[in-house]
>>> print(open('data.csv').read())   # CSV, C-alpha atoms
chain,number,residue,atom,x,y,z
A,1,GLN,CA,0.0,0.0,0.0
A,2,GLU,CA,3.0,2.3,0.2
A,3,LEU,CA,3.3,2.4,-3.6
A,4,VAL,CA,-0.2,1.6,-4.9
A,5,PRO,CA,-2.9,3.5,-3.0
A,6,THR,CA,-6.2,2.1,-1.9
A,7,ALA,CA,-9.1,4.2,-0.7
A,8,PRO,CA,-7.8,6.4,2.1
A,9,THR,CA,-8.4,5.3,5.6
A,10,LEU,CA,-8.2,8.9,6.8
A,11,VAL,CA,-9.2,12.2,5.0
A,12,GLY,CA,-8.3,15.6,6.4
A,13,ALA,CA,-6.7,19.0,6.0
A,14,HIS,CA,-4.0,21.1,7.6
A,15,ASP,CA,-2.8,24.7,7.7
A,16,ALA,CA,-0.3,27.0,9.3
A,17,SER,CA,-0.1,30.7,10.2
A,18,GLY,CA,2.5,32.9,11.8
A,19,LEU,CA,1.2,31.8,15.1
A,20,GLY,CA,0.9,28.0,14.8
A,21,ALA,CA,-0.2,25.0,12.8
A,22,GLY,CA,-3.3,22.9,13.0
A,23,GLY,CA,-5.3,20.3,11.2
A,24,VAL,CA,-8.1,17.7,11.2
A,25,TRP,CA,-8.6,14.1,10.4
A,26,PHE,CA,-11.8,12.1,9.6
A,27,PRO,CA,-11.6,8.3,9.8
A,28,ASP,CA,-13.6,6.0,7.5
A,29,ALA,CA,-15.3,2.8,8.7
A,30,SER,CA,-12.2,0.7,8.3
A,31,ALA,CA,-10.0,2.9,10.5
A,32,VAL,CA,-8.7,1.3,13.6
A,33,PRO,CA,-8.1,3.8,16.4
A,34,ARG,CA,-5.0,3.7,18.7
A,35,ARG,CA,-5.2,4.3,22.4
A,36,SER,CA,-3.6,7.8,22.1
A,37,ARG,CA,-4.2,10.4,24.8
A,38,VAL,CA,-6.7,13.0,23.7
A,39,VAL,CA,-9.0,15.6,25.2
A,40,SER,CA,-12.7,15.9,24.5
A,41,LEU,CA,-15.7,17.8,26.0
A,42,THR,CA,-18.0,16.5,28.7
A,43,LYS,CA,-21.7,17.3,28.8
A,44,THR,CA,-21.0,20.2,31.2
A,45,GLY,CA,-18.6,21.8,28.8
A,46,SER,CA,-15.4,20.9,30.7
A,47,VAL,CA,-12.7,18.8,29.2
A,48,ARG,CA,-11.7,15.2,30.1
A,49,ARG,CA,-8.4,13.5,29.2
A,50,HIS,CA,-8.7,9.9,28.0
A,51,CYS,CA,-7.5,7.3,25.6
A,52,LEU,CA,-9.0,7.2,22.1
A,53,THR,CA,-11.2,4.1,22.0
A,54,ALA,CA,-13.5,4.8,19.1
A,55,ARG,CA,-13.5,6.4,15.6
A,56,ARG,CA,-14.0,10.1,15.9
A,57,PRO,CA,-12.8,13.3,14.1
A,58,ILE,CA,-9.4,14.4,15.4
A,59,LEU,CA,-8.3,18.0,15.8
A,60,TRP,CA,-4.7,19.1,16.6
A,61,ARG,CA,-2.8,22.3,17.0
A,62,VAL,CA,0.8,23.5,17.7
A,63,VAL,CA,1.9,27.0,18.7
A,64,PHE,CA,5.2,28.0,17.2
A,65,PRO,CA,7.8,29.2,19.7
A,66,LYS,CA,8.9,32.8,19.7
A,67,ASN,CA,12.3,32.0,18.1
A,68,ILE,CA,10.4,30.7,15.0
A,69,ARG,CA,7.9,33.5,14.9
A,70,ASP,CA,10.7,36.1,15.1
A,71,ARG,CA,12.5,34.5,12.1
A,72,LEU,CA,9.4,34.5,9.8
A,73,VAL,CA,9.6,36.7,6.7
A,74,THR,CA,7.1,39.5,6.9
A,75,PHE,CA,6.8,43.1,5.6
A,76,ASP,CA,8.2,44.2,9.0
A,77,ASN,CA,10.9,41.5,9.0
A,78,PRO,CA,12.1,41.1,5.4
A,79,ALA,CA,15.4,39.6,6.6
A,80,GLY,CA,13.8,36.6,8.1
A,81,ASP,CA,15.0,33.1,7.0
A,82,ILE,CA,11.7,31.1,7.5
A,83,ASN,CA,8.8,31.7,5.2
A,84,ASN,CA,5.1,30.7,5.3
A,85,SER,CA,5.6,27.7,3.0
A,86,ASP,CA,8.2,26.3,5.4
A,87,LEU,CA,5.6,26.5,8.2
A,88,GLU,CA,3.0,24.9,6.0
A,89,LEU,CA,5.4,22.0,5.4
A,90,ALA,CA,6.1,21.7,9.1
A,91,GLY,CA,2.3,21.5,9.6
A,92,SER,CA,2.2,18.6,7.2
A,93,LEU,CA,4.6,16.7,9.5
A,94,PHE,CA,2.4,17.3,12.5
A,95,GLN,CA,-0.5,16.1,10.5
A,96,GLN,CA,1.1,12.8,9.6
A,97,GLU,CA,2.3,12.2,13.2
A,98,CYS,CA,-1.3,12.8,14.4
A,99,ALA,CA,-2.5,10.1,12.0
A,100,ALA,CA,0.2,7.6,13.0
A,101,GLN,CA,-0.4,8.1,16.7
A,102,CYS,CA,-4.2,8.1,16.7
A,103,PHE,CA,-4.9,5.4,14.1
A,104,ASP,CA,-3.3,2.2,12.8
A,105,ILE,CA,-2.2,3.4,9.3
A,106,ARG,CA,0.3,0.6,8.6
A,107,GLU,CA,-0.1,-0.4,5.0
A,108,ARG,CA,-2.8,2.1,4.5
A,109,ALA,CA,-3.3,5.3,2.5
A,110,THR,CA,-4.2,8.7,4.0
A,111,LYS,CA,-5.3,11.8,2.1
A,112,ASP,CA,-5.1,15.4,3.3
A,113,SER,CA,-5.2,18.8,1.7
A,114,THR,CA,-3.3,22.0,2.1
A,115,ASP,CA,-3.9,25.5,0.7
A,116,ASN,CA,-0.1,25.9,0.0
A,117,LEU,CA,1.0,24.8,-3.4
A,118,ALA,CA,4.7,24.6,-2.5
A,119,THR,CA,3.8,22.1,0.4
A,120,MET,CA,1.7,20.0,-2.0
A,121,HIS,CA,4.5,19.7,-4.6
A,122,TRP,CA,7.3,19.2,-2.1
A,123,THR,CA,5.4,16.4,-0.4
A,124,ARG,CA,4.4,14.8,-3.7
A,125,LYS,CA,8.0,14.8,-4.9
A,126,GLY,CA,9.6,14.2,-1.5
A,127,SER,CA,12.4,16.4,-2.4
A,128,THR,CA,13.5,20.0,-3.1
A,129,THR,CA,16.5,21.7,-4.6
A,130,ALA,CA,16.6,24.2,-1.7
A,131,ALA,CA,19.1,23.7,1.1
A,132,GLY,CA,16.9,25.5,3.6
A,133,PRO,CA,14.2,24.2,6.0
A,134,PRO,CA,12.3,22.3,3.3
A,135,ALA,CA,15.2,19.9,2.8
A,136,LYS,CA,15.4,19.1,6.5
A,137,LEU,CA,11.6,18.8,6.9
A,138,LEU,CA,11.3,16.4,4.0
A,139,ARG,CA,14.1,14.3,5.5
A,140,VAL,CA,12.0,13.9,8.6
A,141,ALA,CA,8.9,13.3,6.5
A,142,SER,CA,10.5,10.5,4.4
A,143,ILE,CA,11.9,8.7,7.5
A,144,HIS,CA,8.6,9.1,9.3
A,145,GLN,CA,6.6,7.6,6.4
A,146,ARG,CA,9.0,4.7,5.9
A,147,HIS,CA,9.0,3.9,9.6
A,148,HIS,CA,5.2,4.0,10.1
A,149,ARG,CA,4.6,2.3,6.7
A,150,TYR,CA,1.8,4.5,5.2
A,151,LEU,CA,1.2,6.3,2.0
A,152,ASN,CA,0.1,9.9,2.2
A,153,LEU,CA,-1.7,11.5,-0.7
A,154,LYS,CA,-1.4,15.3,-0.7
A,155,ASP,CA,-3.9,17.6,-2.5
A,156,CYS,CA,-4.8,21.3,-2.6
A,157,LEU,CA,-7.8,23.0,-1.0
A,158,GLU,CA,-8.3,26.7,-1.6
A,159,GLY,CA,-7.8,28.8,1.5
A,160,LYS,CA,-11.3,30.1,1.8
A,161,ARG,CA,-12.6,26.5,2.1
A,162,ASN,CA,-9.8,25.3,4.4
A,163,THR,CA,-11.7,26.8,7.4
A,164,MET,CA,-11.3,24.0,9.9
A,165,ALA,CA,-7.5,23.7,9.6
A,166,ASP,CA,-7.3,27.5,9.4
A,167,ASP,CA,-9.2,27.9,12.7
A,168,SER,CA,-7.0,25.3,14.4
A,169,SER,CA,-3.8,27.1,13.4
A,170,ARG,CA,-5.0,30.6,14.3
A,171,LEU,CA,-7.1,30.3,17.4
A,172,VAL,CA,-4.1,29.7,19.6
A,173,THR,CA,-5.3,31.9,22.5
A,174,LEU,CA,-8.3,29.6,23.1
A,175,THR,CA,-8.1,27.0,25.8
A,176,PRO,CA,-8.7,23.3,24.9
A,177,ALA,CA,-12.3,23.6,26.2
A,178,GLN,CA,-12.9,26.8,24.2
A,179,LEU,CA,-11.4,25.3,21.0
A,180,LEU,CA,-13.4,22.1,21.2
A,181,THR,CA,-16.6,24.1,21.9
A,182,HIS,CA,-15.9,26.3,18.9
A,183,PHE,CA,-15.5,23.2,16.7
A,184,ALA,CA,-18.5,21.5,18.1
A,185,SER,CA,-20.7,24.5,17.4
A,186,THR,CA,-19.2,25.6,14.1
A,187,TYR,CA,-18.3,22.2,12.6
A,188,PRO,CA,-20.8,19.7,14.2
A,189,GLN,CA,-20.0,16.0,13.4
A,190,PRO,CA,-21.9,12.8,14.1
A,191,GLU,CA,-19.1,11.8,16.6
A,192,GLN,CA,-17.6,14.2,19.2
A,193,TRP,CA,-14.4,16.0,18.3
A,194,ALA,CA,-11.2,14.9,20.1
A,195,LEU,CA,-8.1,17.2,20.5
A,196,TRP,CA,-4.7,15.5,20.1
A,197,THR,CA,-1.4,17.2,21.0
A,198,PRO,CA,2.0,16.1,19.7
A,199,THR,CA,4.8,15.2,22.1
A,200,LYS,CA,7.6,17.6,23.0
A,201,GLN,CA,10.1,15.3,21.3
A,202,PHE,CA,8.3,15.5,17.9
A,203,VAL,CA,7.7,19.2,18.2
A,204,SER,CA,11.4,19.6,19.0
A,205,ALA,CA,12.4,17.6,15.9
A,206,VAL,CA,10.2,19.7,13.6
A,207,ILE,CA,11.5,23.0,15.1
A,208,THR,CA,15.0,21.7,14.7
A,209,ALA,CA,14.3,21.1,11.0
A,210,LEU,CA,12.9,24.6,10.6
A,211,LEU,CA,16.2,25.9,12.0
A,212,LYS,CA,18.0,23.9,9.3
A,213,ARG,CA,19.5,21.3,11.6
A,214,THR,CA,19.0,17.5,11.8
A,215,SER,CA,17.7,15.3,14.6
A,216,PRO,CA,18.5,11.6,15.0
A,217,PRO,CA,15.6,9.5,13.9
A,218,ALA,CA,15.3,7.9,17.3
A,219,SER,CA,14.2,11.3,18.7
A,220,PHE,CA,11.1,11.6,16.6
A,221,LEU,CA,10.2,8.0,15.6
A,222,LEU,CA,7.9,7.5,18.6
A,223,VAL,CA,6.2,4.1,19.2
A,224,PRO,CA,2.4,4.6,18.7
A,225,PRO,CA,0.0,3.4,21.4
A,226,PRO,CA,-1.5,-0.1,20.8
A,227,PRO,CA,-4.5,-0.2,18.4
A,228,MET,CA,-8.0,-1.2,19.5
A,229,ARG,CA,-9.3,-4.5,18.4
A,230,ALA,CA,-10.4,-4.1,14.8
A,231,GLY,CA,-14.1,-4.2,13.9
A,232,PRO,CA,-15.6,-5.2,10.6
A,233,ALA,CA,-13.2,-4.4,7.8
A,234,GLY,CA,-14.2,-1.8,5.3
A,235,SER,CA,-13.8,-2.1,1.5
A,236,LEU,CA,-10.2,-2.2,0.3
A,237,PHE,CA,-11.1,-1.0,-3.1
A,238,ALA,CA,-11.2,2.6,-4.3
A,239,PRO,CA,-14.8,3.9,-4.4
A,240,SER,CA,-16.1,4.7,-7.8
A,241,GLN,CA,-17.3,8.2,-6.8
A,242,GLY,CA,-13.8,9.4,-5.7
A,243,TRP,CA,-12.2,9.8,-2.3
A,244,ASP,CA,-13.8,13.1,-1.2
A,245,ARG,CA,-15.4,13.1,2.2
A,246,PRO,CA,-18.3,15.6,2.9
A,247,ILE,CA,-17.7,17.8,5.9
A,248,GLN,CA,-20.3,20.1,7.4
A,249,ARG,CA,-20.0,23.7,8.5
A,250,SER,CA,-23.0,25.3,10.1
A,251,ASN,CA,-25.3,22.8,8.4
A,252,ASP,CA,-24.0,23.7,4.9
A,253,PRO,CA,-22.2,20.6,3.5
A,254,PHE,CA,-19.2,21.0,1.3
A,255,ARG,CA,-16.8,18.6,-0.2
A,256,LEU,CA,-13.0,18.4,-0.1
A,257,PRO,CA,-12.2,18.6,-3.9
A,258,LYS,CA,-9.7,16.3,-5.5
A,259,SER,CA,-7.8,19.4,-6.6
A,260,SER,CA,-9.1,23.0,-6.3
A,261,CYS,CA,-5.7,24.7,-7.0
A,262,SER,CA,-4.0,24.8,-10.3
A,263,SER,CA,-1.0,22.5,-10.7
A,264,ALA,CA,2.4,24.0,-11.2
A,265,ALA,CA,4.9,22.2,-13.5
A,266,GLY,CA,8.0,21.0,-11.8
A,267,GLY,CA,10.9,18.7,-12.8
A,268,THR,CA,12.5,15.9,-10.8
A,269,THR,CA,14.8,17.2,-8.1
A,270,HIS,CA,16.9,15.5,-5.4
A,271,PRO,CA,16.9,16.2,-1.7
A,272,GLU,CA,20.0,17.4,0.2
A,273,VAL,CA,22.0,14.5,1.4
A,274,THR,CA,22.4,14.6,5.2
>>> encode(input="data.csv", output="structure tokens")
Amino acid sequence: QELVPTAPTLVGAHDASGLGAGGVWFPDASAVPRRSRVVSLTKTGSVRRHCLTARRPILWRVVFPKNIRDRLVTFDNPAGDINNSDLELAGSLFQQECAAQCFDIRERATKDSTDNLATMHWTRKGSTTAAGPPAKLLRVASIHQRHHRYLNLKDCLEGKRNTMADDSSRLVTLTPAQLLTHFASTYPQPEQWALWTPTKQFVSAVITALLKRTSPPASFLLVPPPPMRAGPAGSLFAPSQGWDRPIQRSNDPFRLPKSSCSSAAGGTTHPEVT
């Protein structure tokens, strides 16, 4: 399944801003959850920490540290050495770690979308001619994918429709309870939202890559929690109607398109050898 994709076990989207990164995953009927630590809402509106024991939509977010925000290229900081596309690619790494820790994706395909064309093409090729943060981030991504034995399909979703991931990356001042309440009211789902947070080790490896340094694989290849006992298996064949999953926002359904951004031509390149 790492070379020839089947229908995705997970469908989602991710985004990044100058403040942080965030994303969402939606499992299909064949997804097997892992007993990862998550946070969800109680009936009273407070939060409870527990192990994931059932299929449910997953939300995650990471706040970028000050040393990363201070190096971001902006109109006020034109001399910065980290740009928005670098942060978007970093967000893709957190997205894949969330999938690997929350679900059993061994020998399975996942599909997620980004509103950043550079991230989509870098991820699809798995390489870049640049010697900056993308080369280091793609090194982590390739090692991570090989270790966890999954195939990630990357697509593009125009920014104005990437609202869930955009909210998770920008609403960094909200508490976990407030963020989950926002998603429950704005993006209601049949199953309750769960909030997952990456470990300090994985965050450190991604930040290190953004700073153009390398981390030993053992520092970010974290053993996932054990999976739950698998239920009835879903179809292993690609559905005839495509792989888009409807998501609701304020009772108005919309569909993640197969590709809503124009493709840019690019030749074969090779990653920096580290």
>>> atom_distance(input="data.csv", atom1="atom CA of A:Pro225", atom2="atom CA of A:Gln101")
6.7 Å
>>> atom_distance(input="data.csv", atom1="atom CA of A:Thr197", atom2="atom CA of A:Ser92")
14.3 Å
>>> residues_around(input="data.csv", residues="A:Ala90", least_positions_apart="2", cutoff="12 Å", atoms="all atoms listed in the file", output="short mmCIF file (atom, residue, chain, number, x, y, z; two decimals) with C-alpha atoms, keeping the file's coordinate frame")
data_model
loop_
_atom_site.label_atom_id
_atom_site.label_comp_id
_atom_site.auth_asym_id
_atom_site.auth_seq_id
_atom_site.Cartn_x
_atom_site.Cartn_y
_atom_site.Cartn_z
CA HIS A 14 -4.00 21.10 7.60
CA ASP A 15 -2.80 24.70 7.70
CA ALA A 16 -0.30 27.00 9.30
CA SER A 17 -0.10 30.70 10.20
CA GLY A 20 0.90 28.00 14.80
CA ALA A 21 -0.20 25.00 12.80
CA GLY A 22 -3.30 22.90 13.00
CA GLY A 23 -5.30 20.30 11.20
CA ARG A 61 -2.80 22.30 17.00
CA VAL A 62 0.80 23.50 17.70
CA VAL A 63 1.90 27.00 18.70
CA PHE A 64 5.20 28.00 17.20
CA ILE A 68 10.40 30.70 15.00
CA ILE A 82 11.70 31.10 7.50
CA ASN A 83 8.80 31.70 5.20
CA ASN A 84 5.10 30.70 5.30
CA SER A 85 5.60 27.70 3.00
CA ASP A 86 8.20 26.30 5.40
CA LEU A 87 5.60 26.50 8.20
CA GLU A 88 3.00 24.90 6.00
CA SER A 92 2.20 18.60 7.20
CA LEU A 93 4.60 16.70 9.50
CA PHE A 94 2.40 17.30 12.50
CA GLN A 95 -0.50 16.10 10.50
CA GLN A 96 1.10 12.80 9.60
CA GLU A 97 2.30 12.20 13.20
CA THR A 114 -3.30 22.00 2.10
CA ASN A 116 -0.10 25.90 0.00
CA THR A 119 3.80 22.10 0.40
CA TRP A 122 7.30 19.20 -2.10
CA THR A 123 5.40 16.40 -0.40
CA PRO A 133 14.20 24.20 6.00
CA PRO A 134 12.30 22.30 3.30
CA ALA A 135 15.20 19.90 2.80
CA LYS A 136 15.40 19.10 6.50
CA LEU A 137 11.60 18.80 6.90
CA LEU A 138 11.30 16.40 4.00
CA ARG A 139 14.10 14.30 5.50
CA VAL A 140 12.00 13.90 8.60
CA ALA A 141 8.90 13.30 6.50
CA PHE A 202 8.30 15.50 17.90
CA VAL A 203 7.70 19.20 18.20
CA SER A 204 11.40 19.60 19.00
CA ALA A 205 12.40 17.60 15.90
CA VAL A 206 10.20 19.70 13.60
CA ILE A 207 11.50 23.00 15.10
CA THR A 208 15.00 21.70 14.70
CA ALA A 209 14.30 21.10 11.00
CA LEU A 210 12.90 24.60 10.60
CA LEU A 211 16.20 25.90 12.00
#
>>> atom_distance(input="data.csv", atom1="atom CA of A:Arg149", atom2="atom CA of A:Gly12")
18.5 Å
>>> closest_residue(input="data.csv", among="A:Gln189, A:Gln201, A:Thr214, A:Thr6", to="A:Arg56", atoms="all atoms listed in the file")
A:Gln189
>>> residues_around(input="data.csv", residues="A:His182", least_positions_apart="5", cutoff="12 Å", atoms="only C-alpha atoms", output="number ranges by chain")
A: 41, 45, 59, 164, 167-168, 171, 174-177, 187-188, 193, 249-250
>>> closest_residue(input="data.csv", among="A:Gly18, A:Cys156, A:Arg34, A:Pro217", to="A:Thr74", atoms="all atoms listed in the file")
A:Gly18
>>> closest_residue(input="data.csv", among="A:Ser127, A:Pro33, A:Ser142, A:Pro57", to="A:Phe183", atoms="only C-alpha atoms")
A:Pro57
>>> closest_residue(input="data.csv", among="A:Lys160, A:Gln145, A:Arg108, A:Ser46", to="A:Pro27", atoms="only C-alpha atoms")
A:Arg108
>>> closest_residue(input="data.csv", among="A:Ser30, A:Thr44, A:Arg55, A:His148", to="A:Pro190", atoms="all atoms listed in the file")
A:Arg55
>>> closest_residue(input="data.csv", among="A:Trp60, A:Val223, A:Trp25, A:Asn67", to="A:Gly80", atoms="all atoms listed in the file")
A:Asn67
>>> residues_near_point(input="data.csv", point="(-6.1, -1.9, 25.3)", cutoff="9 Å", atoms="only C-alpha atoms", output="number ranges by chain")
A: 34-35, 53, 225-229
>>> decode(input="data.csv", residues="stretch 72-83 of chain A", atoms="all heavy atoms", output="PDB file, in the first residue's frame")
ATOM      1  N   LEU A  72      10.286  34.626  10.975  1.00  0.00           N
ATOM      2  CA  LEU A  72       9.363  34.538   9.846  1.00  0.00           C
ATOM      3  C   LEU A  72       9.490  35.774   8.951  1.00  0.00           C
ATOM      4  O   LEU A  72       9.526  36.902   9.437  1.00  0.00           O
ATOM      5  CB  LEU A  72       7.922  34.408  10.354  1.00  0.00           C
ATOM      6  CG  LEU A  72       6.830  34.277   9.300  1.00  0.00           C
ATOM      7  CD1 LEU A  72       7.014  33.002   8.485  1.00  0.00           C
ATOM      8  CD2 LEU A  72       5.453  34.282   9.971  1.00  0.00           C
ATOM      9  N   VAL A  73       9.551  35.547   7.659  1.00  0.00           N
ATOM     10  CA  VAL A  73       9.625  36.653   6.697  1.00  0.00           C
ATOM     11  C   VAL A  73       8.276  37.368   6.640  1.00  0.00           C
ATOM     12  O   VAL A  73       7.247  36.751   6.345  1.00  0.00           O
ATOM     13  CB  VAL A  73       9.994  36.140   5.295  1.00  0.00           C
ATOM     14  CG1 VAL A  73      10.000  37.289   4.285  1.00  0.00           C
ATOM     15  CG2 VAL A  73      11.349  35.450   5.310  1.00  0.00           C
ATOM     16  N   THR A  74       8.277  38.653   6.952  1.00  0.00           N
ATOM     17  CA  THR A  74       7.084  39.493   6.877  1.00  0.00           C
ATOM     18  C   THR A  74       7.478  40.854   6.324  1.00  0.00           C
ATOM     19  O   THR A  74       8.666  41.137   6.101  1.00  0.00           O
ATOM     20  CB  THR A  74       6.447  39.676   8.275  1.00  0.00           C
ATOM     21  OG1 THR A  74       7.381  40.381   9.120  1.00  0.00           O
ATOM     22  CG2 THR A  74       6.094  38.337   8.913  1.00  0.00           C
ATOM     23  N   PHE A  75       6.476  41.736   6.102  1.00  0.00           N
ATOM     24  CA  PHE A  75       6.789  43.085   5.648  1.00  0.00           C
ATOM     25  C   PHE A  75       7.646  43.821   6.682  1.00  0.00           C
ATOM     26  O   PHE A  75       8.504  44.628   6.331  1.00  0.00           O
ATOM     27  CB  PHE A  75       5.493  43.865   5.393  1.00  0.00           C
ATOM     28  CG  PHE A  75       4.774  43.429   4.154  1.00  0.00           C
ATOM     29  CD1 PHE A  75       3.543  42.781   4.239  1.00  0.00           C
ATOM     30  CD2 PHE A  75       5.314  43.651   2.902  1.00  0.00           C
ATOM     31  CE1 PHE A  75       2.876  42.377   3.103  1.00  0.00           C
ATOM     32  CE2 PHE A  75       4.652  43.247   1.741  1.00  0.00           C
ATOM     33  CZ  PHE A  75       3.429  42.604   1.852  1.00  0.00           C
ATOM     34  N   ASP A  76       7.409  43.505   7.953  1.00  0.00           N
ATOM     35  CA  ASP A  76       8.184  44.156   9.010  1.00  0.00           C
ATOM     36  C   ASP A  76       9.512  43.458   9.275  1.00  0.00           C
ATOM     37  O   ASP A  76      10.379  44.013   9.959  1.00  0.00           O
ATOM     38  CB  ASP A  76       7.370  44.186  10.312  1.00  0.00           C
ATOM     39  CG  ASP A  76       6.102  45.024  10.179  1.00  0.00           C
ATOM     40  OD1 ASP A  76       6.135  46.015   9.423  1.00  0.00           O
ATOM     41  OD2 ASP A  76       5.100  44.667  10.828  1.00  0.00           O
ATOM     42  N   ASN A  77       9.668  42.240   8.752  1.00  0.00           N
ATOM     43  CA  ASN A  77      10.894  41.479   8.967  1.00  0.00           C
ATOM     44  C   ASN A  77      11.353  40.841   7.662  1.00  0.00           C
ATOM     45  O   ASN A  77      11.351  39.611   7.514  1.00  0.00           O
ATOM     46  CB  ASN A  77      10.661  40.404  10.037  1.00  0.00           C
ATOM     47  CG  ASN A  77      11.934  39.652  10.391  1.00  0.00           C
ATOM     48  OD1 ASN A  77      13.027  40.221  10.365  1.00  0.00           O
ATOM     49  ND2 ASN A  77      11.801  38.371  10.721  1.00  0.00           N
ATOM     50  N   PRO A  78      11.751  41.650   6.675  1.00  0.00           N
ATOM     51  CA  PRO A  78      12.127  41.098   5.367  1.00  0.00           C
ATOM     52  C   PRO A  78      13.407  40.263   5.402  1.00  0.00           C
ATOM     53  O   PRO A  78      13.672  39.505   4.469  1.00  0.00           O
ATOM     54  CB  PRO A  78      12.326  42.353   4.511  1.00  0.00           C
ATOM     55  CG  PRO A  78      12.661  43.435   5.486  1.00  0.00           C
ATOM     56  CD  PRO A  78      11.865  43.110   6.720  1.00  0.00           C
ATOM     57  N   ALA A  79      14.183  40.391   6.467  1.00  0.00           N
ATOM     58  CA  ALA A  79      15.438  39.649   6.557  1.00  0.00           C
ATOM     59  C   ALA A  79      15.264  38.281   7.214  1.00  0.00           C
ATOM     60  O   ALA A  79      16.256  37.588   7.461  1.00  0.00           O
ATOM     61  CB  ALA A  79      16.466  40.461   7.341  1.00  0.00           C
ATOM     62  N   GLY A  80      14.034  37.888   7.501  1.00  0.00           N
ATOM     63  CA  GLY A  80      13.807  36.583   8.113  1.00  0.00           C
ATOM     64  C   GLY A  80      14.248  35.446   7.212  1.00  0.00           C
ATOM     65  O   GLY A  80      14.348  35.601   5.987  1.00  0.00           O
ATOM     66  N   ASP A  81      14.519  34.288   7.790  1.00  0.00           N
ATOM     67  CA  ASP A  81      14.981  33.140   6.996  1.00  0.00           C
ATOM     68  C   ASP A  81      14.016  31.960   7.039  1.00  0.00           C
ATOM     69  O   ASP A  81      14.364  30.849   6.634  1.00  0.00           O
ATOM     70  CB  ASP A  81      16.372  32.703   7.462  1.00  0.00           C
ATOM     71  CG  ASP A  81      16.424  32.325   8.941  1.00  0.00           C
ATOM     72  OD1 ASP A  81      15.409  32.498   9.633  1.00  0.00           O
ATOM     73  OD2 ASP A  81      17.484  31.856   9.386  1.00  0.00           O
ATOM     74  N   ILE A  82      12.792  32.164   7.531  1.00  0.00           N
ATOM     75  CA  ILE A  82      11.743  31.147   7.507  1.00  0.00           C
ATOM     76  C   ILE A  82      10.512  31.777   6.861  1.00  0.00           C
ATOM     77  O   ILE A  82      10.097  32.871   7.261  1.00  0.00           O
ATOM     78  CB  ILE A  82      11.393  30.662   8.924  1.00  0.00           C
ATOM     79  CG1 ILE A  82      12.590  29.938   9.548  1.00  0.00           C
ATOM     80  CG2 ILE A  82      10.177  29.734   8.906  1.00  0.00           C
ATOM     81  CD1 ILE A  82      12.368  29.505  10.980  1.00  0.00           C
ATOM     82  N   ASN A  83       9.954  31.133   5.842  1.00  0.00           N
ATOM     83  CA  ASN A  83       8.785  31.702   5.180  1.00  0.00           C
ATOM     84  C   ASN A  83       7.529  30.886   5.456  1.00  0.00           C
ATOM     85  O   ASN A  83       7.582  29.823   6.092  1.00  0.00           O
ATOM     86  CB  ASN A  83       9.016  31.846   3.667  1.00  0.00           C
ATOM     87  CG  ASN A  83       9.314  30.519   2.988  1.00  0.00           C
ATOM     88  OD1 ASN A  83       8.633  29.527   3.209  1.00  0.00           O
ATOM     89  ND2 ASN A  83      10.340  30.501   2.143  1.00  0.00           N
TER      90      ASN A  83
END
